[in-house]
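First comes the structure, then the notes that go with it.
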Amino acid sequence: MSTIRLPSLTATVSLLLIATWPGILPRGAAQSPALPSTRIDFNRQVRPILSEHCFRCHGPDDEERKAKLRLDTRAGMFGKLRGGEHAVVPGDIAKSALLARITESDASRRMPPPRFKKDLSREQIDILRRWIEQGADWSEHWSFVPPRRPLLPMVKRAGWSRNAVDAFILARLEREGMSPSPEAERATLIRRLSLDLTGLPPTPAEVDDFLADKSAAAYEKVVDRLLDSPHFGERMALDWLDAARYADTHGYHIDAGRDMTAWRDWVIDAFNQNLPFDQFTLEQLAGDLLPDATQEQKIASGFNRNHMINFEGGAIPKEYHAAYIVDRVNTTATVWLGLTVACAQCHDHKYDPISQKEFYQLYAFFHNVPENGLDGSKGNAAPLIKAPSKKVSRALQDLQRRIDKLARQPDSAKELAKLRQEQAQLEKTARTAMVMAELAEPRDTFVMLRGQYDKLGEQVRAATPAALPPFPAGAPGNRLGLARWLIDPQHPLTARVAVNRYWQMIFGTGLVRSSEDFGSQGERPSHPELLDWLASEFTSPSLGDRSWDVKRLIRLLVTSATYRQSSRMDQASLARDPENRLLGRSARLRLQAEFLRDHALSVSGLLNREIGGASVFPSQPAGLWQELASRTDSKNWSAQFFTQSRGKDLYRRGMYTFWKRTSPPPQMITFDAPDRETCTVRRSRTNTPLQALVLLNDPTFVEASRHFAERLLREAKTTDERVILAFRLATARRPNDRELAIVGTALVKQRQIFERDPRAAEKLLNVGEAPRDPRWPAAELAAWTMVASMILNLDESLTRG
Amino acid sequence: MRTRNVNGMRMVGTIMIAEQQQLLNRRYFLGRAATGIGTAALASLLDPTLFASSGTSRAGALGEPHFRPRAKRVIFLFMSGGPSHIDLLDDKPALRQHHREELPASVRMGQRITGMTSGQRSFPCVAPMFEFRRHGNCGLWLSELLPHTGSIADDICVIKSLHTEAINHDPATTYIQTGSQQPGRPSLGAWLRYGLGAESQNLPAFVVMVSQGSGNRTDQPLFSRLWGSGFLPSEHQGVRFRSASGDPVLYLSNPPGVDAAARRSMLDGLGDLNRLAADAVGDPEIRTRIAQYEMAYRMQSSVPELTEIAREPAHVLRLYGLDRERNDGGYARNCLLARRMIERGVRFVQLMHRGWDQHSDLPTQIRGQCRDVDQPSAALIADLKQRGLLEDTLVIWGGEFGRTVYSQGTLTATNHGRDHHGRCFSMWLAGGGIRGGITHGETDDYCYNVVRDPVHIHDLNATILHCLGIDHTRLTFRFQGRDFRLTDVAGNVVRGIVA
């Protein structure tokens, strides 16, 4: 993997690239009308106004269009209207009907009509007027134009930038009169990197190694070690599971179990092996259609079988079959196109150029799976393939070897029969995976009027939306062709959308904050050139590197000076840029639900680091499933009765917790995990009292605290040494004197409490299954358990700083 | 802001910085809101205590309701499974003449029916096997199974003309609770929590309680999406209060062996450490976290105080039927808890009583279901009324659809079943903003189609929001480029029932 070396950033580069992008950021000037002399930018200033206030009746939706006026296309904007006039005549405000109608004094004729409650402000009218005066430049919506690789902007400050990312970030900060934050402490950096790249905190030894490494490449060494860690794949897979609406149950009604863990294993492996994103796309959308598709490629195609599946008695199969396909279209469009095509299910999209017919043209790609409208009552729904776990595969191979060997020996019939029976039994119970498959004869697809499965309109064939690039010549008109269309390096959306999601993963917020919507109602990028630079670097890297290389992209992001900044906030920077969209500091982000669990288990030494395989059932309050499940019938279906795992399965990473859609793991849901019913590419981030209750009282966290306490007592001698170790484990840094004093006081108080009541201490120490270290008196260990819990609950422990 | 002395200046200085920041943030977000972005974030900035917290807000996105609310709180008594309107609320004397007759095609009009009865060769009509009686000054006709409901006849409004497109439980319950048959949308309570915010400092704004009916042992499941937050920030999801043994709120109790003193001492240390971090790092989110831990601690006393119903006077327990052993899966207790929650500032209480899915053995099963809910539901209305709470508390009673007039399975002299029916069903409403002692809408002689004043479930939801002072077209959240609402693109306030 190569670092990207920059030519001198102060060298002459085109100043033209440094267009100003006010409006999106808190800047005094941005709130008031731009100076009359400044040039109006259509995409940034005009299109959002049109989209929000006009497109509903004068946009892409043919049915809703009024006065045959369409303002989302060049032809519509400048063409002749019914009455012979023009909506916009460049340079001539007097002849531009649009301006006349929005400034009309007669309220009954003024646009937009008051009933929509979308009145234009004076500033907005002023922008439209000046845009027309200045010649009414028109351009396509930014995300529909393929990214061109911009030159790096010029910056004043020499020596700060480490790679191209920084040039864009710094240029923007300098334009705003701001400067980047200093680099974070090394201990902070390694903790940040470890959490971002593996979802696990660094060990004190790893921190020490890094602190001691004075070589120039010390930081990059850590980065490369983490990118090579098998936990990297887990970390990357987790966000993908949200996008793919992965779950362990079918979701509707009875919500019986399914098993897509083979697909989940495939995703983890794919990230660990650094499968290029184009191939990752191809195999998940159409792995089954690849020539000589391998078992693994078929499993990968299960991406589009992760949607909910129904078998409610009395439901109408056609209705649900349609729902599955709609889900595939919506999910695929959100994940790869960043487009909200769901809006076009019932009518033409009101804001983006996607007609209802085009929605069903996309639908046709996913309509040819040999599946049932109602299915899943007995586990995985057809079509499915055998997908034994690695362990079972090895056992089967072993059996086969023994059978082959025995078969050559005389008098082995009886033993051979026994082995064959064993083999058959193992094969019968082996894991399966739901996969995509294609009918030889594609089903007929029709537009569904108002989105209703039983109201069919015009027949359509599989095709991609006209506003996007043409379908590749010679590509098959099926999912494989669709996937090839998406991964064309010239596709304007795929790379931008993917790169933006990785940016969001590493920096907390996407360059396009609305990472699910790159359409005209989505947010514009905070750093458009940077997004385009990253997208083109992803698809067509400089220096002859591999294209679509995810690890290389992540490496680029985390080795930037931007990433390495401190996350400290002062009042001025907070007031100036409360959401840190300019990246003048590093983000402070509370760990996501699964990583909070992983963190506590890892710090305490309880974590089971096994990767992949079946889902597990760590503790949850009794009765949660049963209270919602169908009662006496439940025995007929799986996943109705919660049975807690035992032993080491209690301590697996959060991402392996069995996900029952109608009653998801309460600890996860409390910390903003989505319910996995539909595709999610951006989690909310809340801070609530219920979260405090989980971290303080959930037996998993209580047990982790006790185990953490035992570790402190075992591995360090004095109180101070133990507290220092606790901080190093939980925060990667050493506590200061005031912190030592506070913890010391807390310990004394807890000791008093438990020494007075040794039975209470016993009760606390009996939480959880892990055996208790008998060396420590109960009161002492209980007091340390409370202290350990306190340290695990520090904001700093819960946060990637 | 002026300062007088050095000490004062330091204090005022701190306030000034905070205020200045809040103003800046406000201006920033107002600027953004003008372009349609971030109303939720805006609300959190306008909340004086938690102004800088990301996505965490006790104030609502609306700030103020759109107009003067008639109700400030809602209790939704959800009868999960689909109670038979024919046997309970929609009296139809003429139906008795059609008993055992085949349902005429002119009535069914080719409407789709579920896969459970679409294969039946015969669709014999079934008149209720119960008597109906008149109640109250308004003379409301009610099934003999609902005598206590009769006692509140003059307080309730029965809507007989509700209808829904859904004909199965999953889509129908999802529809009435979230406004969409397919998953992914926020629930009614989540919308209210988002729009109006939280009132109580010590309790959640949106609470859900589930009880198991005694009438039907094989009842259909419930789903957490029915109180989920959909695409709204997850803090708006309903908080389940559980009636079974264990914590009423998940993880509320300290671990075994940890008493309040140990917890307090631990939280004091934690607060001190977090305050040091807040000073050093400057992230306002840390102060929010400190506040949330303190609220969690307060909940540890406020929730047990709330659920301690044994302290209610004997006459109140008697009113709800809690003076004797009950076999109602906790429904009566939940009704009483609902009142206690309302008194303590909970905005939306969602009760779910299961077991209303009478595909077979309807006469026996529905008797059990009514025995569960009749007295406590009526007691809740009476109790709220005598405390002066009914006038600004909206109470809703009903399920996700009705049941078919024709028999599912064999019709005998004493037994039959009924399949799901979405073409019409009945509910009752009472309290804040609703006219009592009236009925609204009418069905045909077969209780099969609405013939007057149809009320779609979008209309019901629009009306609920209306009672709370919310214009349902203006409570929106932008997701995937579109301003979503509870009522999607439909919904008309049912003016006739609004006081």
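Letters A, B, ... mark the chains of the structure tokens in the order given; residue numbers begin at 1 per chain; ligand numbers begin at 1, in order shown.
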Show me, as a ChimeraX atom specification, the residues that have an atom within 8 Å of B:Gly436 when counting only C-alpha atoms, minus same-chain residues fewer than 2 positions from it.
/B:153-157,430-431,434,438
Deliver the residues from the most recent selection as a file, using N, CA and C atoms, as an mmCIF file, in the first residue's frame.
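So the final result, stored in selection37.cif, reads:
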```
data_model
loop_
_atom_site.group_PDB
_atom_site.id
_atom_site.type_symbol
_atom_site.label_atom_id
_atom_site.label_comp_id
_atom_site.auth_asym_id
_atom_site.auth_seq_id
_atom_site.Cartn_x
_atom_site.Cartn_y
_atom_site.Cartn_z
ATOM 1 N N ALA B 153 -71.415 5.882 28.918
ATOM 2 C CA ALA B 153 -71.983 6.118 27.574
ATOM 3 C C ALA B 153 -72.028 7.600 27.223
ATOM 4 N N ASP B 154 -72.318 8.432 28.199
ATOM 5 C CA ASP B 154 -72.459 9.853 27.884
ATOM 6 C C ASP B 154 -71.114 10.569 27.742
ATOM 7 N N ASP B 155 -70.036 9.861 28.064
ATOM 8 C CA ASP B 155 -68.704 10.469 27.940
ATOM 9 C C ASP B 155 -68.002 10.064 26.648
ATOM 10 N N ILE B 156 -68.488 9.024 26.008
ATOM 11 C CA ILE B 156 -67.719 8.508 24.862
ATOM 12 C C ILE B 156 -68.421 8.792 23.535
ATOM 13 N N CYS B 157 -67.608 8.807 22.511
ATOM 14 C CA CYS B 157 -68.111 8.933 21.159
ATOM 15 C C CYS B 157 -67.757 7.638 20.433
ATOM 16 N N ALA B 430 -62.877 9.275 23.989
ATOM 17 C CA ALA B 430 -63.433 10.082 25.069
ATOM 18 C C ALA B 430 -62.410 11.112 25.505
ATOM 19 N N GLY B 431 -62.931 12.148 26.145
ATOM 20 C CA GLY B 431 -62.026 13.092 26.770
ATOM 21 C C GLY B 431 -61.634 14.249 25.890
ATOM 22 N N ILE B 434 -63.153 15.690 22.503
ATOM 23 C CA ILE B 434 -64.121 14.799 21.852
ATOM 24 C C ILE B 434 -65.514 15.008 22.448
ATOM 25 N N ILE B 438 -72.200 10.619 21.728
ATOM 26 C CA ILE B 438 -72.639 10.584 20.334
ATOM 27 C C ILE B 438 -72.071 9.348 19.618
#
```
Taking only C-alpha atoms into account, produce a table as CSV in which each residue of chain B with an atom at most 6 Å from an atom of chain A appears once, together with its shortest atom pair and the distance in Å to one decimal, ordered by chain and rising number.
```
residue,atom,partner,partner_atom,distance
B:Gln21,CA,A:Ala575,CA,5.2
B:Tyr28,CA,A:Pro26,CA,5.6
B:Gly55,CA,A:Thr686,CA,5.5
B:Thr56,CA,A:Thr686,CA,5.5
B:Thr114,CA,A:Gly314,CA,4.7
B:Gly115,CA,A:Gly314,CA,3.7
B:Met116,CA,A:Gly314,CA,4.6
B:Asp170,CA,A:His253,CA,5.3
B:Thr218,CA,A:Thr632,CA,5.3
B:Asp219,CA,A:Ser630,CA,5.5
B:Gln220,CA,A:Ser630,CA,4.9
B:Pro221,CA,A:Ala629,CA,4.6
B:Leu222,CA,A:Leu628,CA,4.9
B:Phe223,CA,A:Thr662,CA,4.4
B:Ser224,CA,A:Thr662,CA,5.2
B:Pro233,CA,A:Ser684,CA,5.4
B:Ser234,CA,A:Asp672,CA,5.5
B:Tyr251,CA,A:Asn697,CA,5.5
B:Leu252,CA,A:Leu693,CA,6.0
B:Asn254,CA,A:Asn697,CA,5.5
B:Pro255,CA,A:Asn697,CA,5.6
B:Pro256,CA,A:Leu764,CA,5.2
B:Gly257,CA,A:Ala760,CA,3.9
B:Gly269,CA,A:Ala746,CA,5.9
B:Leu270,CA,A:Met790,CA,5.8
B:Val281,CA,A:Arg568,CA,4.7
B:Gly282,CA,A:Met569,CA,4.9
B:Gln292,CA,A:Pro689,CA,4.5
B:Tyr293,CA,A:Ala692,CA,5.5
B:Met295,CA,A:Pro689,CA,5.9
B:Ala296,CA,A:Pro689,CA,4.8
B:Gln480,CA,A:Asp517,CA,5.5
B:Gly481,CA,A:Gln521,CA,4.5
```
The selected residues should be written to file as a compact mmCIF listing (two decimals), in the first residue's frame (atoms: N, CA and C atoms).
```txt
# COMPACT_ATOMS: atom_id res chain seq x y z
N GLN B 21 -23.26 31.55 22.46
CA GLN B 21 -23.17 30.34 21.67
C GLN B 21 -24.55 29.85 21.27
N TYR B 28 -27.78 29.94 13.40
CA TYR B 28 -27.31 28.97 12.44
C TYR B 28 -28.44 28.01 12.05
N GLY B 55 -29.04 15.82 18.91
CA GLY B 55 -30.16 14.90 18.75
C GLY B 55 -30.87 14.50 20.03
N THR B 56 -30.57 15.13 21.12
CA THR B 56 -31.27 14.77 22.35
C THR B 56 -32.06 15.97 22.81
N THR B 114 -59.34 -12.55 3.36
CA THR B 114 -58.05 -13.16 3.67
C THR B 114 -57.99 -14.60 3.17
N GLY B 115 -56.77 -15.11 3.10
CA GLY B 115 -56.55 -16.47 2.67
C GLY B 115 -57.17 -17.50 3.62
N MET B 116 -57.61 -17.05 4.80
CA MET B 116 -58.15 -18.01 5.76
C MET B 116 -59.59 -18.39 5.45
N ASP B 170 -50.37 -8.08 10.76
CA ASP B 170 -49.11 -7.34 10.68
C ASP B 170 -49.30 -6.00 9.97
N THR B 218 -54.32 -18.33 21.82
CA THR B 218 -53.40 -18.45 20.68
C THR B 218 -53.32 -17.13 19.92
N ASP B 219 -53.20 -16.08 20.68
CA ASP B 219 -53.28 -14.78 20.02
C ASP B 219 -52.05 -14.48 19.17
N GLN B 220 -52.26 -13.54 18.29
CA GLN B 220 -51.22 -13.19 17.31
C GLN B 220 -50.17 -12.28 17.96
N PRO B 221 -48.98 -12.25 17.40
CA PRO B 221 -47.88 -11.52 18.04
C PRO B 221 -47.97 -10.00 17.91
N LEU B 222 -47.15 -9.34 18.71
CA LEU B 222 -46.96 -7.89 18.59
C LEU B 222 -45.52 -7.64 18.13
N PHE B 223 -45.24 -6.41 17.74
CA PHE B 223 -43.92 -6.09 17.20
C PHE B 223 -43.44 -4.77 17.80
N SER B 224 -42.18 -4.67 18.07
CA SER B 224 -41.69 -3.44 18.69
C SER B 224 -41.81 -2.25 17.73
N PRO B 233 -35.17 10.14 15.27
CA PRO B 233 -34.11 9.74 16.20
C PRO B 233 -34.65 8.76 17.24
N SER B 234 -33.83 7.80 17.65
CA SER B 234 -34.35 6.69 18.42
C SER B 234 -34.82 7.08 19.82
N TYR B 251 -33.63 -2.59 32.96
CA TYR B 251 -32.36 -2.20 33.60
C TYR B 251 -32.51 -1.08 34.62
N LEU B 252 -33.74 -0.90 35.12
CA LEU B 252 -33.95 0.19 36.08
C LEU B 252 -33.26 -0.08 37.41
N ASN B 254 -30.71 -1.28 40.28
CA ASN B 254 -29.28 -1.50 40.47
C ASN B 254 -29.01 -2.99 40.51
N PRO B 255 -27.78 -3.38 40.21
CA PRO B 255 -27.45 -4.80 40.31
C PRO B 255 -27.67 -5.29 41.75
N PRO B 256 -27.88 -6.59 41.90
CA PRO B 256 -28.04 -7.13 43.27
C PRO B 256 -26.86 -6.69 44.14
N GLY B 257 -27.18 -6.29 45.37
CA GLY B 257 -26.11 -5.90 46.28
C GLY B 257 -25.73 -4.43 46.21
N GLY B 269 -18.81 10.24 42.06
CA GLY B 269 -17.46 10.15 41.51
C GLY B 269 -17.48 10.28 40.00
N LEU B 270 -18.43 9.58 39.38
CA LEU B 270 -18.53 9.63 37.91
C LEU B 270 -18.80 11.06 37.44
N VAL B 281 -12.16 19.09 27.67
CA VAL B 281 -12.42 18.80 26.26
C VAL B 281 -13.37 19.80 25.62
N GLY B 282 -14.26 20.36 26.45
CA GLY B 282 -15.15 21.40 25.93
C GLY B 282 -16.34 20.89 25.15
N GLN B 292 -28.05 13.14 31.97
CA GLN B 292 -28.83 11.93 31.70
C GLN B 292 -28.58 10.87 32.77
N TYR B 293 -27.36 10.78 33.28
CA TYR B 293 -27.11 9.84 34.38
C TYR B 293 -27.90 10.26 35.63
N MET B 295 -30.72 11.87 35.56
CA MET B 295 -32.13 11.56 35.33
C MET B 295 -32.38 10.06 35.51
N ALA B 296 -31.43 9.25 35.08
CA ALA B 296 -31.56 7.81 35.28
C ALA B 296 -31.69 7.52 36.78
N GLN B 480 -35.00 11.10 3.61
CA GLN B 480 -34.78 10.77 2.21
C GLN B 480 -35.42 11.81 1.29
N GLY B 481 -35.23 13.07 1.64
CA GLY B 481 -35.64 14.14 0.75
C GLY B 481 -37.11 14.48 0.77
```
Closest contacts (stretch 343-409 of chain A/stretch 425-437 of chain A, max 7 Å, only C-alpha atoms) as a Markdown table:
```
| residue | atom | partner | partner_atom | distance |
| --- | --- | --- | --- | --- |
| A:Val369 | CA | A:Ala437 | CA | 5.3 |
| A:Pro370 | CA | A:Ala437 | CA | 6.7 |
| A:Asn380 | CA | A:Met434 | CA | 6.2 |
| A:Ala381 | CA | A:Met434 | CA | 6.5 |
| A:Ala382 | CA | A:Met434 | CA | 6.6 |
| A:Pro383 | CA | A:Met434 | CA | 5.9 |
| A:Leu384 | CA | A:Met434 | CA | 4.2 |
| A:Ile385 | CA | A:Thr432 | CA | 5.5 |
| A:Lys386 | CA | A:Thr432 | CA | 4.3 |
| A:Ala387 | CA | A:Thr432 | CA | 4.6 |
| A:Pro388 | CA | A:Arg431 | CA | 4.7 |
| A:Ser389 | CA | A:Arg431 | CA | 6.5 |
```
Let's see if you can do this: from backbone DSSP, list all alpha helix (DSSP H) residues in stretch 166-402 of chain B, as number ranges by chain.
B: 169-178, 188-196, 260-281, 284-307, 314-319, 331-343, 362-386
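The gap separating atom CA of B:Arg324 from atom CA of B:Arg311 is 15.4 Å, in Å to one decimal.
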